[in-house]
>>> print(open('start_32.cif').read())   # mmCIF, C-alpha atoms and all ligand atoms
data_my_file
loop_
_atom_site.label_atom_id
_atom_site.label_comp_id
_atom_site.auth_asym_id
_atom_site.auth_seq_id
_atom_site.Cartn_x
_atom_site.Cartn_y
_atom_site.Cartn_z
CA MET U 152 120.86 82.95 76.55
CA MET U 153 119.22 82.96 73.14
CA ASP U 154 119.89 85.88 70.86
CA LEU U 155 116.52 87.62 70.58
CA LYS U 156 115.73 90.64 68.44
CA TYR U 157 112.38 91.34 70.09
CA GLY U 158 112.88 90.06 73.61
CA ALA U 159 113.19 91.91 76.92
CA SER U 160 115.07 95.18 76.90
CA ARG U 161 116.51 94.79 80.40
CA GLU U 162 117.19 92.16 83.04
CA LYS U 163 116.32 94.18 86.14
CA PRO U 164 113.35 96.42 87.04
CA ARG U 165 113.45 100.03 85.82
CA GLU U 166 114.68 102.46 88.47
CA ASP U 167 113.99 105.83 86.80
CA ALA U 168 111.73 108.42 88.43
CA ALA U 169 108.66 107.68 86.29
CA MET U 170 108.83 103.97 87.10
CA LYS U 171 109.34 104.63 90.81
CA ARG U 172 106.32 106.89 90.72
CA PHE U 173 104.17 104.18 89.11
CA ARG U 174 105.47 101.62 91.62
CA GLY U 175 104.66 103.86 94.57
CA HIS U 176 101.04 104.38 93.49
CA ARG U 177 99.91 100.92 94.56
CA VAL U 178 96.20 101.74 94.09
CA GLY U 179 94.69 102.51 90.72
CA GLN U 180 91.25 102.90 89.21
CA PHE U 181 90.53 100.91 86.05
CA ILE U 182 87.61 102.09 83.92
CA HIS U 183 85.84 100.07 81.23
CA TRP U 184 83.45 102.29 79.33
CA GLY U 185 82.11 102.06 75.83
CA LEU U 186 78.91 101.27 73.91
CA TYR U 187 78.50 98.08 75.96
CA ALA U 188 77.53 100.25 78.94
CA LEU U 189 74.20 101.04 77.20
CA PRO U 190 72.69 97.52 76.97
CA ALA U 191 74.66 96.69 80.14
CA GLY U 192 74.43 92.92 79.70
CA ARG U 193 70.79 92.82 78.57
CA TRP U 194 69.65 92.30 74.96
CA GLU U 195 66.05 92.15 73.76
CA GLY U 196 64.81 91.85 77.33
CA LYS U 197 67.09 88.96 78.26
CA ASP U 198 70.03 89.10 80.66
CA VAL U 199 73.17 87.62 79.16
CA GLU U 200 75.20 86.19 82.01
CA PHE U 201 78.62 87.02 80.70
CA ALA U 202 80.94 90.04 80.88
CA ALA U 203 78.91 93.01 79.56
CA GLU U 204 81.66 94.08 77.15
CA PHE U 205 81.35 90.68 75.40
CA LEU U 206 77.63 91.15 74.70
CA PRO U 207 77.97 91.66 70.92
CA ARG U 208 79.76 88.31 70.58
CA VAL U 209 77.83 86.28 73.12
CA ALA U 210 74.39 87.52 71.99
CA LYS U 211 75.54 87.46 68.34
CA ILE U 212 74.36 91.01 67.72
CA PRO U 213 74.50 92.09 64.07
CA GLN U 214 77.25 94.65 63.54
CA HIS U 215 74.90 97.39 62.26
CA ARG U 216 72.76 97.12 65.41
CA TRP U 217 75.81 97.35 67.64
CA GLU U 218 77.07 100.39 65.76
CA ALA U 219 73.63 102.01 66.02
CA LEU U 220 74.15 102.17 69.79
CA ALA U 221 76.49 105.08 69.09
CA ASN U 222 73.37 107.21 68.37
CA ASP U 223 72.16 106.58 71.92
CA PHE U 224 75.50 107.32 73.54
CA THR U 225 74.37 110.82 74.46
CA LEU U 226 76.48 111.28 77.61
CA ALA U 227 73.38 112.64 79.33
CA ASP U 228 74.96 112.25 82.76
CA PHE U 229 78.67 112.14 81.97
CA ASP U 230 80.89 114.44 83.99
CA ALA U 231 84.62 113.75 83.95
CA GLU U 232 84.99 115.77 87.16
CA ARG U 233 82.65 113.42 89.02
CA TRP U 234 84.54 110.36 87.78
CA ALA U 235 87.78 111.91 88.96
CA ASP U 236 86.17 112.65 92.34
CA THR U 237 85.41 108.93 92.67
CA ALA U 238 89.07 108.16 92.10
CA VAL U 239 90.00 110.68 94.79
CA ALA U 240 87.44 109.09 97.14
CA LEU U 241 88.97 105.68 96.45
CA GLY U 242 92.45 106.95 97.16
CA ALA U 243 93.59 105.97 93.65
CA ARG U 244 96.87 107.42 92.50
CA TYR U 245 96.37 106.49 88.85
CA MET U 246 93.59 105.69 86.46
CA THR U 247 93.57 103.42 83.40
CA ILE U 248 90.82 103.99 80.85
CA THR U 249 89.69 101.87 77.88
CA THR U 250 90.44 104.08 74.88
CA LYS U 251 89.30 101.25 72.60
CA HIS U 252 87.96 97.86 73.69
CA HIS U 253 87.49 94.72 71.58
CA ASP U 254 84.45 96.11 69.74
CA GLY U 255 86.66 98.78 68.17
CA PHE U 256 84.74 101.82 69.47
CA CYS U 257 87.09 104.69 70.37
CA LEU U 258 86.60 107.16 73.21
CA TRP U 259 88.52 109.80 71.29
CA PRO U 260 87.87 111.30 67.86
CA SER U 261 90.33 109.14 65.94
CA ALA U 262 91.30 110.16 62.43
CA HIS U 263 91.74 106.50 61.49
CA THR U 264 88.19 105.19 61.91
CA ASP U 265 84.69 106.62 61.94
CA PHE U 266 83.66 104.46 64.91
CA HIS U 267 84.38 106.95 67.64
CA MET U 268 83.02 109.36 70.23
CA GLY U 269 83.24 112.31 67.85
CA ASN U 270 80.49 110.69 65.77
CA THR U 271 78.04 110.32 68.66
CA PRO U 272 75.38 112.96 69.42
CA SER U 273 77.52 115.01 71.80
CA GLY U 274 80.70 114.73 69.73
CA ARG U 275 82.69 115.22 72.92
CA ASP U 276 86.28 114.09 73.36
CA VAL U 277 85.69 111.99 76.46
CA LEU U 278 89.32 111.00 76.70
CA GLY U 279 90.52 114.59 76.64
CA GLU U 280 88.01 115.58 79.33
CA LEU U 281 89.09 112.68 81.54
CA VAL U 282 92.80 113.42 81.17
CA ALA U 283 92.18 117.03 82.19
CA ALA U 284 89.92 116.19 85.17
CA TYR U 285 92.15 113.47 86.61
CA GLU U 286 95.40 115.34 86.12
CA ALA U 287 93.90 118.41 87.78
CA ARG U 288 93.58 116.20 90.87
CA GLY U 289 97.13 114.87 90.60
CA ILE U 290 96.01 111.45 89.38
CA ASP U 291 98.07 109.91 86.58
CA VAL U 292 96.20 108.70 83.51
CA ASN U 293 97.09 105.52 81.60
CA PHE U 294 95.51 104.27 78.38
CA TYR U 295 94.12 100.78 77.88
CA TYR U 296 94.16 99.78 74.20
CA SER U 297 92.79 96.54 72.79
CA VAL U 298 94.86 95.27 69.89
CA LEU U 299 92.11 92.72 69.22
CA ASP U 300 89.43 94.47 67.14
CA TRP U 301 86.23 92.59 66.27
CA ARG U 302 85.07 95.28 63.86
CA HIS U 303 88.09 96.10 61.73
CA PRO U 304 87.96 94.26 58.38
CA ASP U 305 91.70 93.55 58.46
CA TRP U 306 91.79 92.03 61.94
CA ARG U 307 92.70 88.31 61.89
CA PHE U 308 92.76 85.81 64.74
CA THR U 309 95.07 83.50 62.80
CA LEU U 310 97.15 83.94 59.67
CA GLU U 311 96.30 81.09 57.30
CA ASN U 312 97.51 82.43 53.94
CA ASP U 313 99.10 85.36 52.10
CA ALA U 314 95.83 87.26 51.99
CA ASP U 315 95.62 87.05 55.79
CA ASN U 316 99.19 88.21 56.12
CA LEU U 317 98.53 91.20 53.91
CA ALA U 318 95.30 92.12 55.70
CA PHE U 319 96.89 91.79 59.12
CA ALA U 320 99.87 93.91 58.08
CA ARG U 321 97.35 96.63 57.22
CA TYR U 322 95.68 96.12 60.59
CA LEU U 323 98.95 96.49 62.46
CA ASP U 324 99.64 99.66 60.51
CA PHE U 325 96.20 101.01 61.50
CA ALA U 326 96.74 100.16 65.18
CA MET U 327 100.20 101.74 65.14
CA LYS U 328 98.70 104.93 63.66
CA GLN U 329 96.08 105.03 66.39
CA LEU U 330 98.75 104.61 69.06
CA VAL U 331 100.86 107.40 67.56
CA GLU U 332 97.71 109.52 67.51
CA LEU U 333 96.99 108.80 71.19
CA ALA U 334 100.58 109.58 72.17
CA GLU U 335 100.52 112.85 70.21
CA ARG U 336 97.05 114.06 71.20
CA TYR U 337 97.52 113.29 74.90
CA PRO U 338 101.25 113.60 75.56
CA SER U 339 100.80 113.75 79.34
CA VAL U 340 99.63 110.10 79.41
CA LYS U 341 101.80 108.13 81.85
CA GLY U 342 101.31 104.59 80.68
CA PHE U 343 99.84 102.23 78.08
CA TRP U 344 97.98 99.08 79.06
CA PHE U 345 97.62 96.67 76.16
CA ASP U 346 95.06 93.90 75.93
CA GLY U 347 93.76 91.51 73.27
CA THR U 348 97.22 90.36 72.27
CA TRP U 349 96.81 86.62 72.85
CA ASP U 350 95.83 85.54 69.34
CA GLU U 351 98.19 83.66 67.01
CA SER U 352 98.20 86.62 64.60
CA VAL U 353 99.72 88.96 67.18
CA LYS U 354 102.09 86.32 68.57
CA ALA U 355 103.47 85.82 65.05
CA ASN U 356 104.32 89.55 64.94
CA GLY U 357 106.48 90.02 68.00
CA TRP U 358 108.45 92.64 66.06
CA TRP U 359 105.37 94.88 66.02
CA THR U 360 104.88 94.70 69.80
CA TRP U 361 108.56 95.58 70.23
CA GLU U 362 108.17 98.46 67.78
CA VAL U 363 105.09 99.79 69.61
CA GLU U 364 106.96 99.83 72.90
CA ARG U 365 109.90 101.60 71.26
CA MET U 366 107.66 104.16 69.52
CA LEU U 367 105.81 105.03 72.73
CA LYS U 368 109.00 105.36 74.74
CA GLU U 369 110.53 107.60 72.12
CA ARG U 370 107.51 109.89 72.07
CA ILE U 371 106.68 109.95 75.78
CA PRO U 372 109.74 109.93 78.03
CA GLY U 373 109.18 107.75 81.08
CA VAL U 374 106.02 106.09 79.74
CA VAL U 375 105.27 102.78 81.46
CA VAL U 376 104.09 99.84 79.30
CA ASN U 377 102.53 96.59 80.54
CA SER U 378 103.92 93.16 79.69
CA ARG U 379 100.69 92.06 78.03
CA LEU U 380 101.62 93.96 74.87
CA ARG U 381 104.67 91.90 74.16
CA ALA U 382 105.58 88.81 72.22
CA ASP U 383 109.15 87.91 71.30
CA ASP U 384 110.68 86.43 68.13
CA PHE U 385 109.13 83.03 68.94
CA GLY U 386 105.73 84.24 70.13
CA ALA U 387 106.53 83.92 73.86
CA ARG U 388 104.31 86.40 75.73
CA HIS U 389 104.96 88.56 78.82
CA VAL U 390 108.23 86.74 79.53
CA ASP U 391 110.63 86.20 76.64
CA SER U 392 112.23 82.93 75.56
CA ASN U 393 115.15 83.68 77.91
CA GLY U 394 112.80 83.99 80.89
CA LEU U 395 113.06 87.78 81.12
CA LEU U 396 110.06 90.04 81.63
CA MET U 397 109.10 92.12 78.58
CA GLY U 398 107.56 95.56 79.04
CA ASP U 399 107.92 97.36 82.36
CA TYR U 400 105.71 95.31 84.65
CA GLU U 401 103.95 91.96 84.65
CA SER U 402 100.24 92.42 83.94
CA GLY U 403 99.04 88.82 83.81
CA TYR U 404 97.22 88.82 87.15
CA GLU U 405 93.64 89.33 86.04
CA ARG U 406 90.87 88.65 88.58
CA ARG U 407 93.41 86.63 90.55
CA LEU U 408 96.38 87.40 92.77
CA PRO U 409 99.62 85.52 93.29
CA GLU U 410 99.78 83.23 96.32
CA PRO U 411 100.53 85.50 99.29
CA TRP U 412 103.59 83.46 100.26
CA ASP U 413 105.04 83.47 96.72
CA ARG U 414 107.85 85.95 97.28
CA SER U 415 109.30 85.21 93.83
CA VAL U 416 106.83 87.68 92.27
CA ALA U 417 108.41 90.52 94.27
CA ALA U 418 111.50 90.25 92.04
CA HIS U 419 109.85 92.43 89.38
CA ASP U 420 107.13 95.05 89.11
CA TRP U 421 103.60 93.78 88.59
CA GLU U 422 99.99 94.80 88.77
CA ALA U 423 96.78 92.85 89.37
CA CYS U 424 93.48 94.05 87.95
CA MET U 425 90.17 93.17 89.53
CA THR U 426 86.47 93.52 88.84
CA ILE U 427 84.03 94.64 91.56
CA PRO U 428 81.37 92.14 90.45
CA GLN U 429 82.52 88.56 90.02
CA ALA U 430 83.14 88.69 86.30
CA SER U 431 82.16 91.78 84.32
CA TRP U 432 84.37 94.75 83.43
CA GLY U 433 81.74 96.80 81.65
CA TYR U 434 78.61 97.80 83.64
CA HIS U 435 76.21 94.83 83.87
CA GLN U 436 72.77 95.70 85.21
CA GLY U 437 71.55 92.15 85.89
CA PRO U 438 71.46 90.34 89.25
CA TRP U 439 74.10 87.96 87.88
CA ALA U 440 76.64 90.75 88.32
CA GLN U 441 74.98 92.99 90.89
CA SER U 442 74.63 90.24 93.49
CA THR U 443 78.35 89.53 93.50
CA LEU U 444 79.79 92.98 94.26
CA LYS U 445 82.86 92.63 96.46
CA HIS U 446 82.85 93.79 100.05
CA PRO U 447 85.11 96.83 100.63
CA TRP U 448 87.19 94.86 103.16
CA ASP U 449 87.85 92.20 100.50
CA VAL U 450 89.14 94.99 98.31
CA VAL U 451 91.32 96.28 101.17
CA ASP U 452 92.64 92.74 101.69
CA MET U 453 93.59 92.55 98.02
CA ILE U 454 95.28 95.96 98.10
CA ALA U 455 97.40 94.90 101.10
CA HIS U 456 98.06 91.50 99.51
CA CYS U 457 99.43 93.13 96.34
CA THR U 458 101.46 95.70 98.26
CA SER U 459 103.03 92.98 100.41
CA LEU U 460 104.44 91.39 97.26
CA GLY U 461 105.49 94.60 95.57
CA GLY U 462 102.52 94.87 93.20
CA ASN U 463 99.92 97.47 92.27
CA PHE U 464 96.18 96.89 92.50
CA LEU U 465 93.92 98.21 89.75
CA LEU U 466 90.25 98.16 90.77
CA ASN U 467 87.81 98.28 87.88
CA PHE U 468 84.74 100.51 87.61
CA GLY U 469 82.07 100.15 84.93
CA PRO U 470 80.22 103.45 84.55
CA ARG U 471 76.63 103.26 83.25
CA GLY U 472 75.43 104.04 79.74
CA ASP U 473 74.35 107.59 80.61
CA GLY U 474 77.87 108.33 81.87
CA SER U 475 77.11 108.18 85.59
CA MET U 476 79.15 106.02 87.93
CA ALA U 477 77.22 103.11 89.44
CA PRO U 478 76.23 104.22 92.99
CA ALA U 479 77.17 100.86 94.55
CA GLU U 480 80.68 101.17 93.10
CA VAL U 481 80.99 104.76 94.33
CA GLU U 482 80.02 103.56 97.81
CA ILE U 483 82.69 100.84 97.75
CA ALA U 484 85.24 103.41 96.57
CA ARG U 485 84.34 105.68 99.50
CA THR U 486 84.71 102.96 102.12
CA VAL U 487 88.01 101.69 100.74
CA GLY U 488 89.23 105.27 100.44
CA GLN U 489 88.30 106.07 104.04
CA TRP U 490 90.34 103.07 105.15
CA LEU U 491 93.25 104.25 103.01
CA GLY U 492 92.87 107.72 104.47
CA VAL U 493 93.74 106.27 107.88
CA ASN U 494 96.04 103.44 106.84
CA GLY U 495 97.52 104.55 103.51
CA GLU U 496 100.93 104.83 105.16
CA ALA U 497 101.11 101.03 105.01
CA ILE U 498 100.24 100.96 101.29
CA TYR U 499 101.47 103.92 99.22
CA GLY U 500 105.20 103.76 98.56
CA CYS U 501 105.34 100.40 100.32
CA GLY U 502 106.29 96.95 99.12
CA PHE U 503 107.66 93.57 100.04
CA ALA U 504 109.13 93.32 103.56
CA GLU U 505 112.32 91.31 103.03
CA GLY U 506 112.89 88.70 105.73
CA TRP U 507 109.30 88.75 107.07
CA GLU U 508 107.35 85.52 106.54
CA TYR U 509 103.74 85.56 105.34
CA PRO U 510 101.77 85.61 108.60
CA GLY U 511 98.40 84.11 107.59
CA TRP U 512 96.26 86.70 109.43
CA GLY U 513 97.12 89.39 106.89
CA TYR U 514 100.27 90.88 105.46
CA PHE U 515 103.51 92.64 106.26
CA THR U 516 104.35 95.65 104.10
CA GLN U 517 107.39 97.89 104.24
CA ASP U 518 107.84 101.53 103.33
CA SER U 519 110.41 101.53 100.53
CA SER U 520 112.01 104.81 101.65
CA THR U 521 111.97 104.68 105.45
CA GLY U 522 112.08 100.91 105.98
CA GLN U 523 109.10 101.10 108.37
CA VAL U 524 107.32 97.73 108.57
CA PHE U 525 103.53 97.46 108.96
CA ALA U 526 101.31 94.56 109.95
CA VAL U 527 97.95 94.70 108.15
CA VAL U 528 95.46 92.43 109.93
CA THR U 529 92.80 91.55 107.36
CA ARG U 530 91.76 88.19 108.89
CA GLU U 531 91.47 88.62 112.62
CA PRO U 532 91.72 85.18 114.29
CA ALA U 533 88.80 84.04 116.45
CA SER U 534 91.19 84.13 119.42
CA GLY U 535 91.45 87.89 119.03
CA ARG U 536 95.24 87.51 119.15
CA ILE U 537 97.86 87.50 116.44
CA ARG U 538 101.26 85.89 116.48
CA LEU U 539 103.88 88.34 115.29
CA GLU U 540 106.91 86.51 114.07
CA LEU U 541 109.79 88.86 113.41
CA PRO U 542 112.87 87.96 111.38
CA THR U 543 115.18 85.91 113.62
CA GLY U 544 117.09 88.01 116.10
CA MET U 545 114.92 91.09 115.68
CA GLU U 546 113.41 92.75 118.79
CA LEU U 547 109.91 94.22 118.95
CA VAL U 548 110.10 97.51 120.81
CA GLY U 549 106.59 98.82 120.30
CA LEU U 550 103.45 98.88 118.21
CA GLN U 551 101.36 101.75 117.00
CA LEU U 552 97.82 101.13 115.80
CA LEU U 553 97.33 103.48 112.86
CA GLY U 554 94.57 105.98 113.33
CA SER U 555 94.37 105.42 117.08
CA ALA U 556 96.81 107.82 118.68
CA GLY U 557 96.30 107.72 122.42
CA HIS U 558 94.18 104.56 122.37
CA PRO U 559 94.71 102.59 125.62
CA PHE U 560 95.49 99.56 123.49
CA ASN U 561 98.89 101.03 122.91
CA GLU U 562 99.75 100.79 126.61
CA HIS U 563 99.80 96.96 126.78
CA PRO U 564 100.27 96.00 123.21
CA PHE U 565 102.28 92.75 123.14
CA LYS U 566 104.10 89.99 124.93
CA ARG U 567 106.98 87.75 123.96
CA LEU U 568 106.18 84.10 123.27
CA ALA U 569 109.74 83.02 122.43
CA GLY U 570 112.81 84.57 120.78
CA SER U 571 111.56 86.86 118.04
CA VAL U 572 107.97 85.65 118.29
CA PHE U 573 105.44 87.92 119.99
CA GLU U 574 101.72 87.88 120.62
CA VAL U 575 99.45 90.86 120.23
CA ASP U 576 96.03 90.89 121.82
CA LEU U 577 93.69 92.71 119.47
CA GLY U 578 90.95 92.95 122.09
CA GLY U 579 89.88 96.51 122.60
CA ALA U 580 91.33 97.78 119.36
CA THR U 581 88.65 99.35 117.24
CA SER U 582 88.87 100.59 113.73
CA ALA U 583 86.75 100.82 110.62
CA GLY U 584 88.03 97.79 108.72
CA PRO U 585 91.27 95.87 108.94
CA LEU U 586 93.67 97.02 111.67
CA VAL U 587 97.15 98.19 110.79
CA PHE U 588 100.12 98.40 113.15
CA ALA U 589 103.35 100.21 112.55
CA LEU U 590 106.03 98.04 114.16
CA GLU U 591 108.87 99.56 116.08
CA THR U 592 111.81 97.15 115.97
O1 LIG H 601 88.58 90.49 77.38
C1 LIG H 601 89.13 91.48 78.21
C2 LIG H 601 88.18 91.94 79.29
O2 LIG H 601 87.03 92.47 78.71
C3 LIG H 601 88.85 93.02 80.12
O3 LIG H 601 89.19 94.13 79.35
C4 LIG H 601 90.08 92.44 80.75
C5 LIG H 601 90.85 93.40 81.63
O4 LIG H 601 92.03 92.83 82.05
N1 LIG H 601 91.01 91.94 79.72
C6 LIG H 601 90.46 91.02 78.74
C7 LIG H 601 90.58 89.62 79.11
O5 LIG H 601 91.90 89.27 79.39
#
>>> encode(input="start_32.cif", output="structure tokens", more="lines below")
Ligand code: FHN
Amino acid sequence: MMDLKYGASREKPREDAAMKRFRGHRVGQFIHWGLYALPAGRWEGKDVEFAAEFLPRVAKIPQHRWEALANDFTLADFDAERWADTAVALGARYMTITTKHHDGFCLWPSAHTDFHMGNTPSGRDVLGELVAAYEARGIDVNFYYSVLDWRHPDWRFTLENDADNLAFARYLDFAMKQLVELAERYPSVKGFWFDGTWDESVKANGWWTWEVERMLKERIPGVVVNSRLRADDFGARHVDSNGLLMGDYESGYERRLPEPWDRSVAAHDWEACMTIPQASWGYHQGPWAQSTLKHPWDVVDMIAHCTSLGGNFLLNFGPRGDGSMAPAEVEIARTVGQWLGVNGEAIYGCGFAEGWEYPGWGYFTQDSSTGQVFAVVTREPASGRIRLELPTGMELVGLQLLGSAGHPFNEHPFKRLAGSVFEVDLGGATSAGPLVFALET
């Protein structure tokens, strides 16, 4: 083991109450909202087929024109309560909101820049309103913060000379002040989700990422911090030079999930984040994004996939420029949430089912407190039958289709094929979306 000053702070996952709470959530709502929601991927009449939040870079928009968007950010249809209702409809247990994205615009009235919500026509503290609305519904709020800042004069991608070093030291000081401000203004925040930390400049300052984590943990007991913040003494990210995870959970799964049979990921906490359209986080009005919205059952599949490997799933929403949620995204939230309303037992508080092999037709999940195992059938075979392979030597005593108490299906649910291998005929089982069975063993 190398002696690292800024490496991982532990070898095993955290087991305190705040971490267990985060782990049990399994389903979260990510929100990307900022000035980019106004042009929504279109500039001077032309659709820019790239993530909407990258519009100022991709369309090479002069800085003064981008900043002028703040005058149009009137919040005409923004209602934090309605956003929080969408999270409830989705069945989300936590929400992660972009306090500042790469363009530097802040959703709270920061004392350290003038590029913030307080200087828009309404002057409202959007972040404060969201924290209040979500917490009133029992939903934890986490803050996304982009360390990368395209607007700040002291930001550097690389550090080529002393002048760069000096400028970047000022930048890190500015970012630290903003983070202290966020922690002090909104002390009920449950987690910080860092982004924009991949550039050489940040990697050369692993000490700062370590210091940020320490500062947040000192100010907010139990706060949960993602691995993406961290770099060690040698610039290794997420995982330090000794192979240990930095931060509290691995946050590298972005618009991708681990292979469903890769049980190695279940050794630590992790979270995958996912867009609803193919590739935009901020609201993109063009057909490029709107024609690729995911089907709710794909989302359910991904939720079960993550749960089966002990990970959380953070589904992104991109509210529109007037502050309203996009109706198509609200609809997806409702359908996924209805499924969770019936089958959430197999998701919330559940994780990796030790000893159960990946079955191909879906996933096994296991309740971390009761030990109850569930089979989530997201890909029903054409045969209408699934092969249930239990850990060797285990007996299947019965099956209960969630949400179907009294359904005749439960009277003839399975037959033995050999040893601990059983077959379940799905014929006759009806449900809105993927079927879930609680297994009695
Ligand atoms: O560039 C960003 C992107 O806009 C979005 O915020 C995602 C969310 O994980 N993170 C970055 C890319 O890694």
>>> residues_around(input="start_32.cif", residues="Ser378 (chain U)", least_positions_apart="4", cutoff="8 Å", atoms="all atoms listed in the file", output="JSON list (two decimals) with C-alpha atoms, in the frame of the given file")
[["chain", "number", "residue", "atom", "x", "y", "z"],
["U", 388, "ARG", "CA", 104.31, 86.40, 75.73],
["U", 389, "HIS", "CA", 104.96, 88.56, 78.82],
["U", 390, "VAL", "CA", 108.23, 86.74, 79.53],
["U", 396, "LEU", "CA", 110.06, 90.04, 81.63],
["U", 397, "MET", "CA", 109.10, 92.12, 78.58],
["U", 398, "GLY", "CA", 107.56, 95.56, 79.04],
["U", 399, "ASP", "CA", 107.92, 97.36, 82.36],
["U", 400, "TYR", "CA", 105.71, 95.31, 84.65],
["U", 401, "GLU", "CA", 103.95, 91.96, 84.65],
["U", 402, "SER", "CA", 100.24, 92.42, 83.94],
["U", 403, "GLY", "CA", 99.04, 88.82, 83.81]]
>>> closest_atom_pairs(input="start_32.cif", of="chain U", to="ligand LIG 601 (chain H)", cutoff="7 Å", atoms="only C-alpha atoms and all ligand atoms", output="JSON lines")
{"residue": "U:Ala202", "atom": "CA", "partner": "H:LIG601", "partner_atom": "O2", "distance": 6.9}
{"residue": "U:Glu204", "atom": "CA", "partner": "H:LIG601", "partner_atom": "O2", "distance": 5.8}
{"residue": "U:Phe205", "atom": "CA", "partner": "H:LIG601", "partner_atom": "O2", "distance": 6.8}
{"residue": "U:His252", "atom": "CA", "partner": "H:LIG601", "partner_atom": "O3", "distance": 6.9}
{"residue": "U:Asp346", "atom": "CA", "partner": "H:LIG601", "partner_atom": "N1", "distance": 5.9}
{"residue": "U:Gly347", "atom": "CA", "partner": "H:LIG601", "partner_atom": "C6", "distance": 6.4}
{"residue": "U:Glu405", "atom": "CA", "partner": "H:LIG601", "partner_atom": "O4", "distance": 5.5}
{"residue": "U:Cys424", "atom": "CA", "partner": "H:LIG601", "partner_atom": "O4", "distance": 6.2}
{"residue": "U:Trp432", "atom": "CA", "partner": "H:LIG601", "partner_atom": "C3", "distance": 5.8}
>>> closest_residue(input="start_32.cif", among="U:Leu465, U:Ala533, U:Met268, U:Leu553", to="Ala497 (chain U)", atoms="only C-alpha atoms")
U:Leu553
>>> closest_residue(input="start_32.cif", among="U:Val587, U:Ala243, U:Cys457, U:Met476", to="Asp228 (chain U)", atoms="all atoms listed in the file")
U:Met476
>>> atom_distance(input="start_32.cif", atom1="CA of Ser352 (chain U)", atom2="CA of Met366 (chain U)")
20.5 Å
>>> closest_residue(input="start_32.cif", among="U:Asp236, U:Glu364, U:Asp449, U:Glu546", to="Pro428 (chain U)", atoms="only C-alpha atoms")
U:Asp449
>>> closest_residue(input="start_32.cif", among="U:His456, U:Arg216, U:Arg379, U:Arg288", to="Ala240 (chain U)", atoms="all atoms listed in the file")
U:Arg288
>>> atom_distance(input="start_32.cif", atom1="CA of Ile483 (chain U)", atom2="CA of Pro447 (chain U)")
5.5 Å
>>> closest_residue(input="start_32.cif", among="U:Gly386, U:Gly461, U:Gly488, U:Gly578", to="Tyr157 (chain U)", atoms="all atoms listed in the file")
U:Gly386
>>> residues_around(input="start_32.cif", residues="Phe256 (chain U)", least_positions_apart="5", cutoff="6 Å", atoms="all atoms listed in the file", output="PyMOL selection string")
chain U and resi 251+266-267
>>> write_last_selection(input="start_32.cif", atoms="C-alpha atoms", output="CSV table (one decimal), keeping the file's coordinate frame")
chain,number,residue,atom,x,y,z
U,251,LYS,CA,89.3,101.2,72.6
U,266,PHE,CA,83.7,104.5,64.9
U,267,HIS,CA,84.4,107.0,67.6
>>> closest_residue(input="start_32.cif", among="U:Gly554, U:Arg321, U:Gly255, U:Ala417", to="Glu505 (chain U)", atoms="all atoms listed in the file")
U:Ala417
>>> residues_around(input="start_32.cif", residues="Gly179 (chain U)", least_positions_apart="4", cutoff="12 Å", atoms="only C-alpha atoms", output="count of residues only")
37
>>> atom_distance(input="start_32.cif", atom1="CA of Leu281 (chain U)", atom2="CA of Val451 (chain U)")
25.7 Å
>>> axis_aligned_box(input="start_32.cif", around="region 245-261 of chain U", padding_each_side="4 Å", output="AutoDock Vina command-line options")
--center_x 90.4 --center_y 103.0 --center_z 77.4 --size_x 19.9 --size_y 24.6 --size_z 30.9
>>> residues_around(input="start_32.cif", residues="Leu333 (chain U)", least_positions_apart="6", cutoff="9 Å", atoms="all atoms listed in the file", output="PyMOL selection string")
chain U and resi 250+259+261+294+340
>>> decode(input="start_32.cif", residues="region 492-499 of chain U", atoms="N, CA and C atoms", output="PDB file, in the first residue's frame")
ATOM      1  N   GLY U 492     -45.184   1.741  -7.036  1.00  0.00           N
ATOM      2  CA  GLY U 492     -46.235   1.695  -6.014  1.00  0.00           C
ATOM      3  C   GLY U 492     -46.662   0.260  -5.735  1.00  0.00           C
ATOM      4  N   VAL U 493     -46.652  -0.573  -6.756  1.00  0.00           N
ATOM      5  CA  VAL U 493     -47.047  -1.979  -6.597  1.00  0.00           C
ATOM      6  C   VAL U 493     -45.835  -2.839  -6.214  1.00  0.00           C
ATOM      7  N   ASN U 494     -44.685  -2.520  -6.825  1.00  0.00           N
ATOM      8  CA  ASN U 494     -43.540  -3.431  -6.732  1.00  0.00           C
ATOM      9  C   ASN U 494     -42.339  -2.883  -5.953  1.00  0.00           C
ATOM     10  N   GLY U 495     -42.528  -1.722  -5.337  1.00  0.00           N
ATOM     11  CA  GLY U 495     -41.416  -1.055  -4.653  1.00  0.00           C
ATOM     12  C   GLY U 495     -40.742  -1.905  -3.582  1.00  0.00           C
ATOM     13  N   GLU U 496     -41.501  -2.868  -3.057  1.00  0.00           N
ATOM     14  CA  GLU U 496     -40.937  -3.806  -2.067  1.00  0.00           C
ATOM     15  C   GLU U 496     -39.660  -4.490  -2.557  1.00  0.00           C
ATOM     16  N   ALA U 497     -39.595  -4.673  -3.893  1.00  0.00           N
ATOM     17  CA  ALA U 497     -38.444  -5.372  -4.484  1.00  0.00           C
ATOM     18  C   ALA U 497     -37.302  -4.412  -4.801  1.00  0.00           C
ATOM     19  N   ILE U 498     -37.503  -3.125  -4.531  1.00  0.00           N
ATOM     20  CA  ILE U 498     -36.511  -2.102  -4.898  1.00  0.00           C
ATOM     21  C   ILE U 498     -35.981  -1.355  -3.665  1.00  0.00           C
ATOM     22  N   TYR U 499     -36.873  -0.637  -2.974  1.00  0.00           N
ATOM     23  CA  TYR U 499     -36.421   0.189  -1.848  1.00  0.00           C
ATOM     24  C   TYR U 499     -35.825  -0.704  -0.760  1.00  0.00           C
TER      25      TYR U 499
END
